[in-house]
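See below for coords00.txt, which holds compact mmCIF, C-alpha atoms and all ligand atoms.
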```txt
# COMPACT_ATOMS: atom_id res chain seq x y z
CA MET A 1 108.68 86.39 134.29
CA LYS A 2 104.99 86.11 133.58
CA LEU A 3 103.41 86.22 130.12
CA ARG A 4 99.77 87.12 129.57
CA TYR A 5 99.05 84.43 127.02
CA SER A 6 96.45 83.30 124.49
CA ALA A 7 97.11 80.17 122.41
CA THR A 8 95.40 81.58 119.31
CA SER A 9 96.88 85.09 119.33
CA PRO A 10 99.46 85.49 116.55
CA PHE A 11 101.06 88.37 118.48
CA VAL A 12 101.49 86.09 121.50
CA ARG A 13 102.88 83.41 119.19
CA LYS A 14 105.66 85.78 118.13
CA VAL A 15 106.70 86.12 121.76
CA MET A 16 106.45 82.37 122.33
CA VAL A 17 108.65 81.67 119.30
CA ALA A 18 111.16 84.21 120.60
CA LEU A 19 111.11 82.53 124.03
CA HIS A 20 111.87 79.16 122.44
CA GLU A 21 114.53 80.50 120.08
CA THR A 22 116.35 82.33 122.89
CA GLY A 23 116.16 79.41 125.33
CA LEU A 24 114.16 81.49 127.80
CA ILE A 25 110.96 79.45 127.64
CA ASP A 26 111.56 77.80 131.02
CA ARG A 27 111.89 81.17 132.72
CA VAL A 28 108.36 82.28 131.93
CA GLU A 29 105.05 81.45 133.56
CA LEU A 30 102.16 81.47 131.09
CA VAL A 31 98.99 83.11 132.38
CA THR A 32 96.18 82.20 130.01
CA THR A 33 94.10 85.31 129.43
CA ASN A 34 90.92 85.81 127.43
CA VAL A 35 90.93 89.53 126.69
CA TRP A 36 87.41 89.30 125.26
CA ASP A 37 85.90 88.03 128.52
CA PRO A 38 83.97 90.99 130.02
CA ASN A 39 85.48 90.04 133.40
CA THR A 40 89.07 89.83 132.20
CA ASP A 41 91.69 91.22 134.55
CA ILE A 42 94.17 91.96 131.75
CA ALA A 43 94.06 95.67 132.63
CA THR A 44 95.79 94.96 135.94
CA ASP A 45 98.89 94.27 133.85
CA ASN A 46 98.16 96.05 130.57
CA PRO A 47 95.88 99.11 130.66
CA VAL A 48 95.63 98.89 126.86
CA GLY A 49 93.78 95.61 127.40
CA LYS A 50 95.79 93.44 124.99
CA VAL A 51 97.90 90.32 124.97
CA PRO A 52 100.79 89.75 124.89
CA ALA A 53 101.97 91.54 128.01
CA LEU A 54 105.13 90.45 129.79
CA VAL A 55 105.66 91.08 133.50
CA ALA A 56 109.41 91.09 134.01
CA ASP A 57 111.15 89.81 137.13
CA ASP A 58 111.53 93.38 138.41
CA GLY A 59 107.78 93.97 138.01
CA ALA A 60 108.02 96.15 134.89
CA VAL A 61 105.33 95.32 132.34
CA TYR A 62 106.27 95.24 128.66
CA VAL A 63 103.53 95.43 126.04
CA GLU A 64 103.58 95.20 122.22
CA SER A 65 104.97 91.97 120.80
CA ALA A 66 107.85 93.68 118.98
CA MET A 67 109.05 95.38 122.13
CA ILE A 68 108.65 92.22 124.22
CA CYS A 69 110.69 90.22 121.69
CA GLU A 70 113.45 92.81 121.80
CA TYR A 71 113.37 92.90 125.60
CA LEU A 72 113.71 89.09 125.68
CA ASP A 73 116.63 89.39 123.27
CA SER A 74 118.43 91.49 125.89
CA LEU A 75 118.19 88.64 128.42
CA HIS A 76 120.28 85.98 126.69
CA ASP A 77 123.80 85.61 125.31
CA GLY A 78 123.05 83.40 122.32
CA GLN A 79 122.43 84.31 118.69
CA LYS A 80 120.59 87.64 118.79
CA LEU A 81 117.17 88.15 117.18
CA TYR A 82 117.81 91.86 116.60
CA PRO A 83 120.99 93.32 115.13
CA ALA A 84 122.26 96.02 117.48
CA SER A 85 122.70 98.71 114.85
CA GLY A 86 123.28 99.51 111.21
CA PRO A 87 121.37 98.74 108.01
CA GLU A 88 120.72 95.13 109.03
CA ARG A 89 118.87 96.31 112.15
CA TRP A 90 116.64 98.58 110.08
CA ARG A 91 116.00 95.80 107.57
CA VAL A 92 114.86 93.45 110.35
CA LEU A 93 112.68 96.11 111.98
CA ARG A 94 111.17 97.17 108.64
CA LEU A 95 110.18 93.63 107.64
CA GLN A 96 108.96 92.92 111.15
CA ALA A 97 106.66 95.96 110.95
CA LEU A 98 105.27 94.82 107.60
CA ALA A 99 104.60 91.30 108.87
CA ASP A 100 102.99 92.78 111.99
CA GLY A 101 100.78 94.77 109.61
CA ILE A 102 99.55 91.54 108.04
CA ILE A 103 98.80 90.12 111.48
CA GLY A 104 97.00 93.28 112.57
CA ALA A 105 94.85 93.37 109.43
CA GLY A 106 94.05 89.67 109.85
CA VAL A 107 93.05 90.14 113.48
CA ASP A 108 90.87 93.11 112.46
CA ARG A 109 89.07 90.92 109.92
CA VAL A 110 88.43 88.18 112.46
CA ILE A 111 87.05 90.68 114.99
CA GLU A 112 84.76 92.13 112.31
CA THR A 113 83.27 88.69 111.62
CA ARG A 114 82.24 88.47 115.28
CA ARG A 115 79.89 91.44 114.95
CA PRO A 116 76.20 90.81 114.26
CA ALA A 117 75.87 90.26 110.50
CA ASP A 118 73.84 93.46 109.99
CA ARG A 119 76.63 95.53 111.56
CA GLN A 120 79.45 94.18 109.44
CA TRP A 121 80.86 96.36 106.70
CA ASP A 122 82.09 94.60 103.54
CA GLY A 123 84.17 97.60 102.50
CA TRP A 124 86.12 97.38 105.72
CA HIS A 125 86.79 93.66 105.18
CA ASP A 126 87.95 94.40 101.63
CA ARG A 127 90.25 97.17 102.78
CA ARG A 128 92.01 94.83 105.21
CA ARG A 129 92.10 91.94 102.72
CA THR A 130 93.68 94.23 100.13
CA ALA A 131 96.23 95.47 102.64
CA ILE A 132 97.22 91.88 103.40
CA ALA A 133 97.52 91.05 99.68
CA ARG A 134 99.69 94.11 98.98
CA THR A 135 101.97 93.37 101.91
CA LEU A 136 102.31 89.73 100.87
CA ASP A 137 103.37 90.96 97.41
CA LEU A 138 106.07 93.10 98.97
CA LEU A 139 107.33 90.26 101.16
CA GLU A 140 107.30 87.96 98.11
CA ALA A 141 109.56 90.45 96.32
CA GLU A 142 111.95 90.39 99.29
CA ALA A 143 111.62 86.71 100.17
CA ASP A 144 115.15 85.88 98.98
CA ALA A 145 116.54 88.29 101.57
CA LEU A 146 114.49 86.99 104.48
CA GLY A 147 116.92 84.20 105.28
CA ASP A 148 116.29 81.13 107.40
CA ALA A 149 117.75 82.42 110.68
CA PRO A 150 115.32 83.35 113.45
CA ASN A 151 115.15 87.09 114.00
CA GLY A 152 112.49 89.74 114.55
CA SER A 153 111.48 89.79 110.89
CA THR A 154 111.44 86.05 110.21
CA ILE A 155 109.56 85.30 113.43
CA ALA A 156 106.92 87.94 112.61
CA THR A 157 106.65 86.74 109.00
CA GLY A 158 106.35 83.10 110.04
CA CYS A 159 103.62 83.95 112.57
CA ALA A 160 101.79 86.14 110.03
CA LEU A 161 101.70 83.37 107.42
CA GLY A 162 100.69 80.82 110.05
CA TYR A 163 97.84 83.08 111.07
CA LEU A 164 96.60 83.36 107.48
CA ASP A 165 96.58 79.56 107.30
CA LEU A 166 94.67 79.37 110.58
CA ARG A 167 92.01 81.98 109.88
CA PHE A 168 91.71 82.21 106.10
CA PRO A 169 92.73 78.78 104.77
CA GLU A 170 90.42 79.11 101.77
CA GLU A 171 92.26 82.20 100.48
CA ASN A 172 95.42 80.32 99.42
CA TRP A 173 98.06 83.05 99.90
CA ARG A 174 100.62 80.56 98.53
CA GLY A 175 99.15 80.70 95.02
CA ASP A 176 100.53 84.14 94.15
CA HIS A 177 103.51 83.99 96.51
CA PRO A 178 105.61 80.93 95.66
CA LYS A 179 108.88 82.23 97.12
CA LEU A 180 107.21 83.09 100.39
CA ALA A 181 105.54 79.68 100.39
CA ALA A 182 108.90 77.94 99.94
CA TRP A 183 110.45 80.09 102.65
CA TYR A 184 107.60 79.29 105.05
CA GLU A 185 107.87 75.57 104.36
CA THR A 186 111.39 75.65 105.79
CA PHE A 187 110.87 78.22 108.54
CA SER A 188 107.68 76.68 109.90
CA ALA A 189 109.53 73.39 110.44
CA ARG A 190 111.71 74.98 113.13
CA PRO A 191 111.12 73.44 116.56
CA ALA A 192 110.10 76.86 117.93
CA MET A 193 107.41 77.20 115.27
CA GLN A 194 106.25 73.60 115.72
CA ALA A 195 106.03 74.03 119.49
CA THR A 196 103.73 77.04 119.09
CA VAL A 197 101.27 75.86 116.42
CA PRO A 198 97.91 77.36 117.43
CA PRO A 199 94.95 75.09 118.13
CA ASP A 200 92.28 74.81 115.46
CA PRO A 201 89.80 77.63 116.22
CA ALA A 202 86.82 75.58 114.95
N1 LIG A 301 100.36 95.66 118.40
C1 LIG A 301 100.06 94.70 119.44
C2 LIG A 301 98.74 94.03 119.11
C3 LIG A 301 98.26 93.06 120.19
C4 LIG A 301 96.82 92.63 119.94
O1 LIG A 301 96.09 93.24 119.12
N2 LIG A 301 96.41 91.58 120.61
C5 LIG A 301 95.03 91.13 120.51
C6 LIG A 301 94.97 89.62 120.55
S1 LIG A 301 95.60 88.93 119.02
C7 LIG A 301 94.25 91.69 121.69
O2 LIG A 301 94.64 91.47 122.80
N3 LIG A 301 93.15 92.40 121.42
C8 LIG A 301 92.30 92.93 122.44
C9 LIG A 301 91.73 94.27 122.08
O3 LIG A 301 92.01 94.76 120.94
O4 LIG A 301 91.05 94.86 122.90
C10 LIG A 301 101.23 93.73 119.60
O5 LIG A 301 102.08 93.65 118.69
O6 LIG A 301 101.33 93.07 120.65
```
Please express what this file holds, its structure, as structure tokens.
Amino acid sequence: MKLRYSATSPFVRKVMVALHETGLIDRVELVTTNVWDPNTDIATDNPVGKVPALVADDGAVYVESAMICEYLDSLHDGQKLYPASGPERWRVLRLQALADGIIGAGVDRVIETRRPADRQWDGWHDRRRTAIARTLDLLEAEADALGDAPNGSTIATGCALGYLDLRFPEENWRGDHPKLAAWYETFSARPAMQATVPPDPA
């Protein structure tokens, strides 16, 4: 398998954590890809132009981190990251989608800061910041149910919180979310999370 990879992408990190947790990491070749380079060839694998994109051994290309994680989950016989059916499956998918929403809003904010200053829109920043805050509040309310086991929701939540630390360290999400902070303290110590800590963007 081949993974279109960026060390700072939180969506790629989700896939990398899943690769470590499922024991599949040695089966994947990482192809470092800068999607923002005007000459990037990412579209040869993903016409949408985004990482992560996973080229499977049969040549099929899987895009969207959630789908890639679930595809990887089909390739191993260990502890599954996604329950096959029932309420537990929907709980994992629901929390995964919310955590992905935090990541998406965070990425949007970072992209906005790369525009020329006179083309940035404060209202747009605020809208995304507020969305992140609201979603953190919801995850805080459900933190007791997250659990420490790696699955689609905990991996996404761990990568979302790690991304907030990376990009917005001054905003101190822990202050209003003590349960989530305690949960992250434990989850981020997992070898799969430690092995995928993003480099300092500075
Ligand atoms: N929903 C996608 C989002 C992927 C995404 O936005 N990746 C960013 C890097 S963090 C990207 O490649 N952006 C390029 C672009 O938006 O053109 C997923 O879960 O994989």
Open item on the list: Could you check which residues have any atom within 12 Å of (94.8, 82.0, 100.9), counting only C-alpha atoms with coordinates taken straight from the file, and then list them as a list of chain:residue names?
Closed with: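 Residues with an atom close enough to that point: A:Gly106, A:Arg129, A:Ile132, A:Ala133, A:Leu136, A:Leu161, A:Gly162, A:Tyr163, A:Leu164, A:Asp165, A:Leu166, A:Arg167, A:Phe168, A:Pro169, A:Glu170, A:Glu171, A:Asn172, A:Trp173, A:Arg174, A:Gly175, A:Asp176, A:His177, A:Ala181.
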Please identify every residue of chain A that has at least one atom no farther than 9 Å from an atom of ligand LIG 301 (chain A), counting only C-alpha atoms and all ligand atoms, and for each give the shortest atom pair and the distance in Å to one decimal, arranged by chain then increasing number, as a tab-separated table.
```
residue	atom	partner	partner_atom	distance
A:Ser6	CA	A:LIG301	C6	7.6
A:Thr8	CA	A:LIG301	S1	7.4
A:Ser9	CA	A:LIG301	S1	4.1
A:Pro10	CA	A:LIG301	S1	5.7
A:Phe11	CA	A:LIG301	O6	5.2
A:Val12	CA	A:LIG301	S1	7.0
A:Lys14	CA	A:LIG301	O5	8.7
A:Val15	CA	A:LIG301	O6	8.9
A:Asn34	CA	A:LIG301	O2	8.2
A:Val35	CA	A:LIG301	C8	5.6
A:Trp36	CA	A:LIG301	C8	6.7
A:Ile42	CA	A:LIG301	O2	9.0
A:Val48	CA	A:LIG301	O4	7.3
A:Gly49	CA	A:LIG301	O4	5.3
A:Lys50	CA	A:LIG301	O2	3.2
A:Val51	CA	A:LIG301	O2	4.1
A:Pro52	CA	A:LIG301	O6	5.4
A:Ala53	CA	A:LIG301	O6	7.5
A:Val63	CA	A:LIG301	O6	6.3
A:Glu64	CA	A:LIG301	O6	3.5
A:Ser65	CA	A:LIG301	O6	3.8
A:Ala66	CA	A:LIG301	O5	5.8
A:Met67	CA	A:LIG301	O5	8.0
A:Ile68	CA	A:LIG301	O6	8.2
A:Asp100	CA	A:LIG301	O5	6.8
A:Gly101	CA	A:LIG301	N1	8.8
A:Ile103	CA	A:LIG301	S1	8.3
A:Gly104	CA	A:LIG301	O1	6.6
A:Val107	CA	A:LIG301	S1	6.2
A:Asp108	CA	A:LIG301	O1	8.5
A:Ile111	CA	A:LIG301	O3	8.8
```
Open item on the list: Given all atoms listed in the file as the basis, pick out the residue of A:Thr22, A:Asn46, A:Thr196, A:Thr130 nearest to Leu72 of chain A.
Closed with: A:Thr22
TODO: Excluding Asp148 of chain A and any residue of its chain fewer than 3 positions from it, enumerate the residues within 12 Å of it, using all atoms listed in the file, and give them as a PyMOL selection string.
DONE: chain A and resi 143-145+151-155+157-158+180+182-190
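Coordinates place atom CA of Pro198 of chain A at a distance of 23.0 Å from atom CA of Arg115 of chain A.
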Task: Shortest interatomic distance to Glu112 of chain A - which of A:Ala149, A:Arg134, A:Asp26, A:Asp126, counting all atoms listed in the file - done: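 Comparing A:Ala149, A:Arg134, A:Asp26, A:Asp126 against Glu112 of chain A, the winner is A:Asp126.
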Task: Interatomic distance (Å, one decimal) between atom CA of Leu93 of chain A and atom CA of Leu81 of chain A - done: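 Straight-line distance from atom CA of Leu93 of chain A to atom CA of Leu81 of chain A works out to 10.5 Å.
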Task: Among the residues A:Ala7, A:Met1, A:Arg114, A:Glu29, the one that comes closest to Asp200 of chain A [using all atoms listed in the file] - done: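 Closest candidate: A:Ala7.
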- [ ] Give me, please, the distance in Å between atom CA of Tyr62 of chain A and atom CA of Ala105 of chain A, quoted to one decimal.
- [x]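 Computing it gives 22.4 Å between the two atoms.
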Task: Surrounding residues of Lys2 of chain A excluding itself and chain neighbours under 5 positions, 12 Å, all atoms listed in the file, as a PyMOL selection string - done: chain A and resi 15-16+19+24-33+45+51-62+68
TODO: Please provide the set of residues having any atom within 12 Å of Lys80 of chain A, restricted to all atoms listed in the file, with same-chain residues fewer than 4 positions apart removed, written as a PyMOL selection string.
DONE: chain A and resi 18-19+21-23+69-76+84-85+89+92+149-152
Can those selected residues be exported to a file as an mmCIF file, in the frame of the given file so that it contains C-alpha atoms?
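Writing done, so here's part.cif:
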```cif
data_model
loop_
_atom_site.group_PDB
_atom_site.id
_atom_site.type_symbol
_atom_site.label_atom_id
_atom_site.label_comp_id
_atom_site.auth_asym_id
_atom_site.auth_seq_id
_atom_site.Cartn_x
_atom_site.Cartn_y
_atom_site.Cartn_z
ATOM 1 C CA ALA A 18 111.160 84.210 120.600
ATOM 2 C CA LEU A 19 111.110 82.530 124.030
ATOM 3 C CA GLU A 21 114.530 80.500 120.080
ATOM 4 C CA THR A 22 116.350 82.330 122.890
ATOM 5 C CA GLY A 23 116.160 79.410 125.330
ATOM 6 C CA CYS A 69 110.690 90.220 121.690
ATOM 7 C CA GLU A 70 113.450 92.810 121.800
ATOM 8 C CA TYR A 71 113.370 92.900 125.600
ATOM 9 C CA LEU A 72 113.710 89.090 125.680
ATOM 10 C CA ASP A 73 116.630 89.390 123.270
ATOM 11 C CA SER A 74 118.430 91.490 125.890
ATOM 12 C CA LEU A 75 118.190 88.640 128.420
ATOM 13 C CA HIS A 76 120.280 85.980 126.690
ATOM 14 C CA ALA A 84 122.260 96.020 117.480
ATOM 15 C CA SER A 85 122.700 98.710 114.850
ATOM 16 C CA ARG A 89 118.870 96.310 112.150
ATOM 17 C CA VAL A 92 114.860 93.450 110.350
ATOM 18 C CA ALA A 149 117.750 82.420 110.680
ATOM 19 C CA PRO A 150 115.320 83.350 113.450
ATOM 20 C CA ASN A 151 115.150 87.090 114.000
ATOM 21 C CA GLY A 152 112.490 89.740 114.550
#
```
Complete the atom set of segment 186-197 of chain A to all heavy atoms and return it as a PDB file, in the frame of the given file.
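Below is the file rebuild.pdb, written as the result:
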```pdb
ATOM      1  N   THR A 186     110.178  75.915 105.001  1.00  0.00           N
ATOM      2  CA  THR A 186     111.390  75.650 105.790  1.00  0.00           C
ATOM      3  C   THR A 186     111.280  76.256 107.189  1.00  0.00           C
ATOM      4  O   THR A 186     111.545  75.591 108.193  1.00  0.00           O
ATOM      5  CB  THR A 186     112.621  76.258 105.067  1.00  0.00           C
ATOM      6  OG1 THR A 186     112.714  75.663 103.783  1.00  0.00           O
ATOM      7  CG2 THR A 186     113.899  76.016 105.845  1.00  0.00           C
ATOM      8  N   PHE A 187     110.860  77.533 107.237  1.00  0.00           N
ATOM      9  CA  PHE A 187     110.870  78.220 108.540  1.00  0.00           C
ATOM     10  C   PHE A 187     109.874  77.602 109.512  1.00  0.00           C
ATOM     11  O   PHE A 187     110.160  77.472 110.704  1.00  0.00           O
ATOM     12  CB  PHE A 187     110.585  79.713 108.349  1.00  0.00           C
ATOM     13  CG  PHE A 187     110.878  80.511 109.598  1.00  0.00           C
ATOM     14  CD1 PHE A 187     112.188  80.858 109.927  1.00  0.00           C
ATOM     15  CD2 PHE A 187     109.858  80.892 110.457  1.00  0.00           C
ATOM     16  CE1 PHE A 187     112.478  81.561 111.093  1.00  0.00           C
ATOM     17  CE2 PHE A 187     110.136  81.605 111.625  1.00  0.00           C
ATOM     18  CZ  PHE A 187     111.444  81.935 111.940  1.00  0.00           C
ATOM     19  N   SER A 188     108.715  77.210 109.002  1.00  0.00           N
ATOM     20  CA  SER A 188     107.680  76.680 109.900  1.00  0.00           C
ATOM     21  C   SER A 188     108.037  75.312 110.461  1.00  0.00           C
ATOM     22  O   SER A 188     107.379  74.833 111.384  1.00  0.00           O
ATOM     23  CB  SER A 188     106.322  76.638 109.194  1.00  0.00           C
ATOM     24  OG  SER A 188     106.385  75.756 108.100  1.00  0.00           O
ATOM     25  N   ALA A 189     109.076  74.684 109.913  1.00  0.00           N
ATOM     26  CA  ALA A 189     109.530  73.390 110.440  1.00  0.00           C
ATOM     27  C   ALA A 189     110.430  73.548 111.666  1.00  0.00           C
ATOM     28  O   ALA A 189     110.743  72.561 112.338  1.00  0.00           O
ATOM     29  CB  ALA A 189     110.261  72.608 109.356  1.00  0.00           C
ATOM     30  N   ARG A 190     110.842  74.776 111.960  1.00  0.00           N
ATOM     31  CA  ARG A 190     111.710  74.980 113.130  1.00  0.00           C
ATOM     32  C   ARG A 190     110.999  74.496 114.396  1.00  0.00           C
ATOM     33  O   ARG A 190     109.788  74.709 114.557  1.00  0.00           O
ATOM     34  CB  ARG A 190     112.061  76.472 113.294  1.00  0.00           C
ATOM     35  CG  ARG A 190     112.915  77.045 112.178  1.00  0.00           C
ATOM     36  CD  ARG A 190     113.348  78.460 112.518  1.00  0.00           C
ATOM     37  NE  ARG A 190     114.279  78.489 113.636  1.00  0.00           N
ATOM     38  CZ  ARG A 190     115.568  78.206 113.537  1.00  0.00           C
ATOM     39  NH1 ARG A 190     116.089  77.888 112.364  1.00  0.00           N
ATOM     40  NH2 ARG A 190     116.353  78.244 114.603  1.00  0.00           N
ATOM     41  N   PRO A 191     111.744  73.906 115.319  1.00  0.00           N
ATOM     42  CA  PRO A 191     111.120  73.440 116.560  1.00  0.00           C
ATOM     43  C   PRO A 191     110.317  74.540 117.277  1.00  0.00           C
ATOM     44  O   PRO A 191     109.240  74.262 117.819  1.00  0.00           O
ATOM     45  CB  PRO A 191     112.316  72.966 117.400  1.00  0.00           C
ATOM     46  CG  PRO A 191     113.332  72.550 116.383  1.00  0.00           C
ATOM     47  CD  PRO A 191     113.173  73.506 115.226  1.00  0.00           C
ATOM     48  N   ALA A 192     110.810  75.767 117.237  1.00  0.00           N
ATOM     49  CA  ALA A 192     110.100  76.860 117.930  1.00  0.00           C
ATOM     50  C   ALA A 192     108.750  77.143 117.284  1.00  0.00           C
ATOM     51  O   ALA A 192     107.778  77.481 117.978  1.00  0.00           O
ATOM     52  CB  ALA A 192     110.958  78.130 117.916  1.00  0.00           C
ATOM     53  N   MET A 193     108.685  76.994 115.968  1.00  0.00           N
ATOM     54  CA  MET A 193     107.410  77.200 115.270  1.00  0.00           C
ATOM     55  C   MET A 193     106.486  75.999 115.527  1.00  0.00           C
ATOM     56  O   MET A 193     105.286  76.159 115.773  1.00  0.00           O
ATOM     57  CB  MET A 193     107.636  77.390 113.776  1.00  0.00           C
ATOM     58  CG  MET A 193     108.302  78.701 113.395  1.00  0.00           C
ATOM     59  SD  MET A 193     107.225  80.146 113.683  1.00  0.00           S
ATOM     60  CE  MET A 193     106.016  79.970 112.369  1.00  0.00           C
ATOM     61  N   GLN A 194     107.062  74.807 115.488  1.00  0.00           N
ATOM     62  CA  GLN A 194     106.250  73.600 115.720  1.00  0.00           C
ATOM     63  C   GLN A 194     105.681  73.566 117.133  1.00  0.00           C
ATOM     64  O   GLN A 194     104.559  73.121 117.357  1.00  0.00           O
ATOM     65  CB  GLN A 194     107.094  72.348 115.452  1.00  0.00           C
ATOM     66  CG  GLN A 194     107.431  72.140 113.978  1.00  0.00           C
ATOM     67  CD  GLN A 194     106.188  71.849 113.145  1.00  0.00           C
ATOM     68  OE1 GLN A 194     105.373  71.030 113.531  1.00  0.00           O
ATOM     69  NE2 GLN A 194     106.027  72.550 112.031  1.00  0.00           N
ATOM     70  N   ALA A 195     106.460  74.059 118.083  1.00  0.00           N
ATOM     71  CA  ALA A 195     106.030  74.030 119.490  1.00  0.00           C
ATOM     72  C   ALA A 195     104.923  75.039 119.782  1.00  0.00           C
ATOM     73  O   ALA A 195     104.316  74.994 120.854  1.00  0.00           O
ATOM     74  CB  ALA A 195     107.224  74.301 120.410  1.00  0.00           C
ATOM     75  N   THR A 196     104.682  75.941 118.832  1.00  0.00           N
ATOM     76  CA  THR A 196     103.730  77.040 119.090  1.00  0.00           C
ATOM     77  C   THR A 196     102.572  77.045 118.098  1.00  0.00           C
ATOM     78  O   THR A 196     101.860  78.052 117.997  1.00  0.00           O
ATOM     79  CB  THR A 196     104.462  78.402 119.019  1.00  0.00           C
ATOM     80  OG1 THR A 196     105.069  78.544 117.717  1.00  0.00           O
ATOM     81  CG2 THR A 196     105.534  78.505 120.093  1.00  0.00           C
ATOM     82  N   VAL A 197     102.387  75.939 117.383  1.00  0.00           N
ATOM     83  CA  VAL A 197     101.270  75.860 116.420  1.00  0.00           C
ATOM     84  C   VAL A 197      99.964  76.107 117.176  1.00  0.00           C
ATOM     85  O   VAL A 197      99.699  75.469 118.193  1.00  0.00           O
ATOM     86  CB  VAL A 197     101.241  74.491 115.721  1.00  0.00           C
ATOM     87  CG1 VAL A 197      99.977  74.328 114.897  1.00  0.00           C
ATOM     88  CG2 VAL A 197     102.479  74.315 114.847  1.00  0.00           C
TER      89      VAL A 197
END
```
